[in-house]
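Printed here is upload-v2.cif (mmCIF, C-alpha atoms and all ligand atoms):
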```cif
data_model
loop_
_atom_site.label_atom_id
_atom_site.label_comp_id
_atom_site.auth_asym_id
_atom_site.auth_seq_id
_atom_site.Cartn_x
_atom_site.Cartn_y
_atom_site.Cartn_z
CA MET A 1 -9.07 -10.57 -17.58
CA PRO A 2 -10.28 -8.09 -14.98
CA CYS A 3 -10.38 -9.49 -11.48
CA SER A 4 -13.16 -7.23 -10.30
CA ALA A 5 -16.11 -8.84 -8.61
CA SER A 6 -19.77 -8.09 -9.20
CA LYS A 7 -19.92 -6.20 -5.95
CA LYS A 8 -17.87 -3.01 -5.91
CA TYR A 9 -16.81 -3.03 -2.29
CA TRP A 10 -16.74 -5.76 0.25
CA HIS A 11 -17.94 -4.06 3.38
CA LYS A 12 -20.19 -5.75 5.86
CA PRO A 13 -23.67 -4.30 5.26
CA GLY A 14 -24.12 -1.13 7.26
CA SER A 15 -20.53 -1.13 8.47
CA LYS A 16 -17.69 1.31 7.98
CA ARG A 17 -14.52 0.53 6.02
CA THR A 18 -12.77 -0.57 9.21
CA SER A 19 -14.62 -3.88 8.91
CA LEU A 20 -14.05 -4.72 5.27
CA VAL A 21 -15.10 -8.20 4.29
CA ALA A 22 -12.35 -10.04 2.42
CA ASN A 23 -13.01 -10.02 -1.33
CA PRO A 24 -13.05 -13.73 -2.29
CA ASN A 25 -11.29 -12.96 -5.59
CA TYR A 26 -8.04 -12.16 -3.82
CA ARG A 27 -5.89 -13.58 -1.09
CA ILE A 28 -3.96 -11.16 1.06
CA LYS A 29 -0.74 -12.63 2.40
CA GLU A 30 2.38 -11.53 4.17
CA PHE A 31 4.94 -10.02 1.77
CA LEU A 32 7.86 -12.45 1.76
CA ILE A 33 11.20 -11.74 0.15
CA GLU A 34 10.56 -14.36 -2.54
CA ASP A 35 7.69 -12.11 -3.72
CA HIS A 36 10.11 -9.27 -4.39
CA SER A 37 10.61 -9.76 -8.11
CA ALA A 38 6.87 -9.80 -8.92
CA VAL A 39 6.17 -6.89 -6.58
CA TYR A 40 9.05 -4.91 -8.05
CA ASP A 41 7.54 -5.44 -11.54
CA LEU A 42 4.15 -4.25 -10.27
CA TRP A 43 5.70 -1.13 -8.69
CA LYS A 44 7.68 -0.38 -11.86
CA ARG A 45 4.58 -0.30 -14.02
CA THR A 46 2.47 1.63 -11.49
CA GLN A 47 2.15 5.35 -12.05
CA GLY A 48 2.62 7.17 -8.75
CA ILE A 49 5.21 4.71 -7.40
CA PHE A 50 8.80 5.92 -7.65
CA ILE A 51 11.41 3.18 -7.54
CA THR A 52 14.70 3.94 -5.79
CA THR A 53 17.65 1.94 -4.49
CA SER A 54 15.66 1.35 -1.32
CA ASP A 55 13.51 -1.02 -3.37
CA THR A 56 16.19 -3.53 -4.32
CA GLU A 57 15.85 -7.09 -3.09
CA ALA A 58 18.52 -6.45 -0.45
CA SER A 59 16.86 -3.27 0.85
CA ILE A 60 13.37 -4.74 0.89
CA GLY A 61 14.75 -7.89 2.54
CA SER A 62 16.22 -5.77 5.29
CA TYR A 63 12.94 -3.84 5.65
CA LEU A 64 10.87 -7.02 5.90
CA GLU A 65 13.25 -8.45 8.48
CA ARG A 66 12.98 -5.33 10.63
CA ASN A 67 9.18 -5.30 10.31
CA PRO A 68 8.11 -8.94 10.28
CA GLY A 69 4.57 -9.82 9.21
CA ILE A 70 3.43 -6.26 8.46
CA SER A 71 3.90 -5.73 4.68
CA GLN A 72 1.36 -7.52 2.49
CA ILE A 73 0.70 -8.68 -1.05
CA ALA A 74 -2.54 -9.61 -2.83
CA ARG A 75 -2.84 -12.51 -5.26
CA ASP A 76 -5.67 -13.06 -7.71
CA ARG A 77 -7.32 -16.44 -8.24
CA GLN A 78 -4.55 -17.42 -10.66
CA GLY A 79 -1.96 -16.70 -7.99
CA LYS A 80 -0.61 -13.60 -9.72
CA ILE A 81 0.49 -10.74 -7.48
CA VAL A 82 -1.90 -7.85 -8.17
CA GLY A 83 -1.34 -5.68 -5.11
CA ALA A 84 1.35 -4.84 -2.61
CA ILE A 85 2.02 -2.58 0.34
CA LEU A 86 4.98 -1.94 2.62
CA GLY A 87 4.27 -1.29 6.28
CA GLY A 88 6.66 -0.76 9.15
CA HIS A 89 7.24 1.21 12.31
CA ASP A 90 9.97 2.87 14.33
CA GLY A 91 8.72 1.57 17.68
CA ALA A 92 6.27 4.43 18.12
CA ARG A 93 4.74 5.40 14.79
CA GLY A 94 3.76 3.35 11.77
CA TYR A 95 4.56 4.12 8.16
CA ILE A 96 3.13 2.87 4.89
CA ARG A 97 4.91 2.98 1.52
CA HIS A 98 4.43 1.79 -2.03
CA LEU A 99 0.77 0.81 -2.00
CA ALA A 100 -0.01 -0.41 -5.51
CA VAL A 101 -2.92 -2.25 -7.08
CA ALA A 102 -2.74 -3.52 -10.67
CA ASP A 103 -4.85 -1.37 -13.04
CA ARG A 104 -7.26 -4.19 -13.85
CA CYS A 105 -8.01 -4.86 -10.18
CA ARG A 106 -8.74 -1.32 -9.01
CA GLY A 107 -12.02 -0.06 -7.63
CA VAL A 108 -13.09 -3.24 -5.84
CA GLY A 109 -11.68 -2.40 -2.44
CA LEU A 110 -8.36 -4.20 -2.76
CA GLY A 111 -6.25 -1.13 -1.94
CA SER A 112 -8.38 -0.53 1.14
CA GLN A 113 -8.05 -4.18 2.21
CA LEU A 114 -4.27 -4.01 1.94
CA VAL A 115 -4.20 -0.85 4.04
CA GLU A 116 -6.56 -2.30 6.66
CA THR A 117 -4.43 -5.42 6.92
CA VAL A 118 -1.26 -3.41 7.51
CA LEU A 119 -3.03 -1.22 10.08
CA SER A 120 -4.26 -4.26 11.98
CA ARG A 121 -0.73 -5.71 12.00
CA LEU A 122 0.66 -2.40 13.28
CA SER A 123 -2.07 -2.19 15.87
CA ALA A 124 -1.22 -5.71 17.04
CA VAL A 125 2.31 -4.58 17.92
CA GLY A 126 1.09 -1.51 19.81
CA ILE A 127 1.29 1.18 17.15
CA ILE A 128 -1.55 3.70 17.41
CA LYS A 129 -0.81 6.09 14.56
CA CYS A 130 0.36 5.66 11.00
CA THR A 131 1.68 8.05 8.35
CA ILE A 132 1.93 7.93 4.57
CA PHE A 133 3.90 10.36 2.40
CA VAL A 134 2.24 11.12 -0.92
CA GLU A 135 3.90 12.82 -3.88
CA GLN A 136 2.45 16.29 -4.51
CA ASP A 137 1.67 15.36 -8.12
CA ASN A 138 -0.32 12.22 -7.25
CA PRO A 139 -3.90 13.57 -7.00
CA ASP A 140 -5.42 10.08 -7.29
CA GLY A 141 -3.27 8.81 -4.46
CA LYS A 142 -4.28 11.79 -2.30
CA GLU A 143 -7.95 11.15 -3.04
CA PHE A 144 -7.61 7.50 -2.05
CA TRP A 145 -6.25 8.36 1.42
CA ILE A 146 -8.90 11.01 2.03
CA LYS A 147 -11.65 8.57 1.01
CA ASN A 148 -10.18 6.01 3.39
CA GLY A 149 -10.51 8.40 6.32
CA TRP A 150 -6.92 9.69 6.55
CA HIS A 151 -6.40 13.37 7.22
CA ARG A 152 -3.94 15.57 5.40
CA ARG A 153 -1.14 17.14 7.48
CA ALA A 154 -1.02 20.43 5.61
CA GLU A 155 1.10 21.95 8.40
CA LEU A 156 4.03 19.58 7.70
CA VAL A 157 6.76 19.75 5.07
CA SER A 158 9.12 16.83 4.57
CA TYR A 159 12.95 17.19 4.55
CA SER A 160 15.53 14.51 3.81
CA LYS A 161 19.30 14.18 3.49
CA PHE A 162 21.56 11.61 1.86
CA LEU A 163 24.20 10.25 4.22
CA SER A 164 26.79 9.82 1.50
CA LYS A 165 27.93 12.31 -1.12
CA ASP A 166 28.07 9.50 -3.71
CA ILE A 167 24.32 9.04 -3.63
CA THR A 168 22.31 11.08 -6.11
CA ALA A 169 18.77 12.39 -5.98
CA GLN A 170 17.60 9.36 -7.98
CA HIS A 171 18.14 7.21 -4.91
C1 LIG A 201 -4.45 4.20 -4.95
C2 LIG A 201 -4.74 2.73 -5.25
C3 LIG A 201 -3.83 1.85 -4.42
C4 LIG A 201 -6.22 2.46 -4.91
O1 LIG A 201 -6.45 1.06 -5.04
P1 LIG A 201 -7.95 0.50 -5.22
O2 LIG A 201 -7.90 -0.94 -4.96
O3 LIG A 201 -8.50 0.94 -6.52
O4 LIG A 201 -8.70 1.28 -4.07
P2 LIG A 201 -10.12 0.91 -3.40
O5 LIG A 201 -10.92 0.16 -4.41
O6 LIG A 201 -9.88 0.27 -2.09
O7 LIG A 201 -10.73 2.36 -3.22
C5 LIG A 201 -11.03 2.90 -1.93
C6 LIG A 201 -11.65 4.27 -2.06
O8 LIG A 201 -10.73 5.15 -2.67
C7 LIG A 201 -11.29 5.68 -3.85
N1 LIG A 201 -10.29 5.74 -4.91
C8 LIG A 201 -9.46 4.75 -5.27
N2 LIG A 201 -8.68 5.17 -6.30
C9 LIG A 201 -9.09 6.44 -6.55
C10 LIG A 201 -8.71 7.41 -7.50
N3 LIG A 201 -7.77 7.14 -8.42
N4 LIG A 201 -9.29 8.63 -7.48
C11 LIG A 201 -10.27 8.89 -6.59
N5 LIG A 201 -10.69 8.01 -5.65
C12 LIG A 201 -10.10 6.81 -5.66
C13 LIG A 201 -12.36 4.72 -4.27
O9 LIG A 201 -13.34 5.38 -5.05
C14 LIG A 201 -12.89 4.26 -2.95
O10 LIG A 201 -13.80 5.20 -2.43
P3 LIG A 201 -15.38 4.92 -2.42
O11 LIG A 201 -15.59 3.66 -1.61
O12 LIG A 201 -15.94 6.12 -1.78
O13 LIG A 201 -15.78 4.76 -3.85
C15 LIG A 201 -4.55 2.42 -6.76
O14 LIG A 201 -5.32 3.31 -7.53
C16 LIG A 201 -3.11 2.52 -7.20
O15 LIG A 201 -2.34 1.54 -7.18
N6 LIG A 201 -2.69 3.74 -7.62
C17 LIG A 201 -1.35 3.96 -8.12
C18 LIG A 201 -0.31 3.97 -7.01
C19 LIG A 201 -0.62 4.99 -5.95
O16 LIG A 201 -0.96 6.13 -6.24
N7 LIG A 201 -0.49 4.52 -4.70
C20 LIG A 201 -0.69 5.37 -3.56
C21 LIG A 201 0.62 6.03 -3.34
S1 LIG A 201 0.50 7.15 -2.02
#
```

With the file now loaded, output its structure as structure tokens.
Ligand SMILES: CC(C)(COP(=O)(O)OP(=O)(O)OC[C@H]1O[C@@H](n2cnc3c(N)ncnc32)[C@H](O)[C@@H]1OP(=O)(O)O)[C@@H](O)C(=O)NCCC(=O)NCCS
Amino acid sequence: MPCSASKKYWHKPGSKRTSLVANPNYRIKEFLIEDHSAVYDLWKRTQGIFITTSDTEASIGSYLERNPGISQIARDRQGKIVGAILGGHDGARGYIRHLAVADRCRGVGLGSQLVETVLSRLSAVGIIKCTIFVEQDNPDGKEFWIKNGWHRRAELVSYSKFLSKDITAQH
């Protein structure tokens, strides 16, 4: 059953997306480690999310411990997890990863609500800027961030390095 509401987006009338009104069909809650299994299942079936070893229960547990209260999940009225987002910071800048909304719940502002919640949590701990890395071949993902007021850093290219030779590119 789709969990969309009659109203497409839940903004306060005349307001910008920074003041989204909570959609009553969902509850947004802190991502706790006991949510990992359901969130992992959601990520696995979401096109545009690439699972690596940094998504195991141990890795996510460590991430949540380092960034308490920032990552979020969304539950529908039946209590099923239908959205998730990881948010954290390095003391100066914030980062978002693995935003996913279940297919049947898209287009009603849930993705935007999850992002806004993470941004308010980051803001509350003094972070003033946040970054998201998007796969080149995720045009829908790119469109989402643009529509949510994020600007593309076309001047940047990302580099990374594994710290052990045993780890392969799949990680
Ligand atoms: C991206 C995603 C999280 C959006 O979730 P959502 O709940 O449908 O998003 P919202 O309803 O809050 O949409 C917010 C805005 O983004 C736009 N948008 C959302 N998905 C879009 C898409 N696939 N293509 C174009 N625009 C999109 C909406 O139209 C809306 O803009 P509008 O108010 O001008 O109409 C969801 O489609 C998803 O899980 N995608 C797969 C995983 C992914 O790509 N995650 C991002 C990784 S970087």

Among the residues A:Leu163, A:Arg77, A:Tyr63, A:Val21, the one that comes closest to ligand LIG 201 (chain A) [using all atoms listed in the file]: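 Using all atoms listed in the file, the shortest distance to ligand LIG 201 (chain A) belongs to A:Val21.
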
Surrounding residues as a PyMOL selection string, ligand LIG 201 (chain A), max 9 Å, only C-alpha atoms and all ligand atoms: chain A and resi 8-9+17+43+46-49+83-85+96-103+105-115+132-135+138-148

Length of the CA of Ser37 (chain A) to CA of Glu57 (chain A) vector [Å]: 7.7 Å

Separation of CA of Gln136 (chain A) from CA of His151 (chain A) in Å: 15.0 Å

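Reported to one decimal place, the separation of CA of Ile128 (chain A) from CA of Arg152 (chain A) is 17.1 Å.
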
Residue nearest Cys130 (chain A) among A:Asp76, A:Asp166, A:Asp41, A:Asp90 (counting all atoms listed in the file):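 Among the listed residues, the smallest separation from Cys130 (chain A) belongs to A:Asp90.
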
Exercise: Leu122 (chain A) partners within 9 Å, all atoms listed in the file, chain neighbours under 6 positions left out, as a count of residues only: 9

For Ile33 (chain A): contacts at 12 Å, all atoms listed in the file, fewer than 3 positions along chain excluded, given as a list in words: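 My reading of the contact set: Glu30, His36, Ser37, Ala38, Val39, Tyr40, Asp55, Thr56, Glu57, Ala58, Ser59, Ile60, Gly61, Ser62, Tyr63, Leu64, Glu65, Pro68, Gly69, Ser71, Gln72, Ile73 and Leu86 of chain A.
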
Selection: 9 Å around Gly91 (chain A), only C-alpha atoms, excl. self and same-chain fewer than 5 positions, as number ranges by chain: A: 125-127

Output for the residues just chosen: C-alpha atoms as a JSON list (two decimals), in the coordinates of the input:
```json
[["chain", "number", "residue", "atom", "x", "y", "z"],
["A", 125, "VAL", "CA", 2.31, -4.58, 17.92],
["A", 126, "GLY", "CA", 1.09, -1.51, 19.81],
["A", 127, "ILE", "CA", 1.29, 1.18, 17.15]]
```
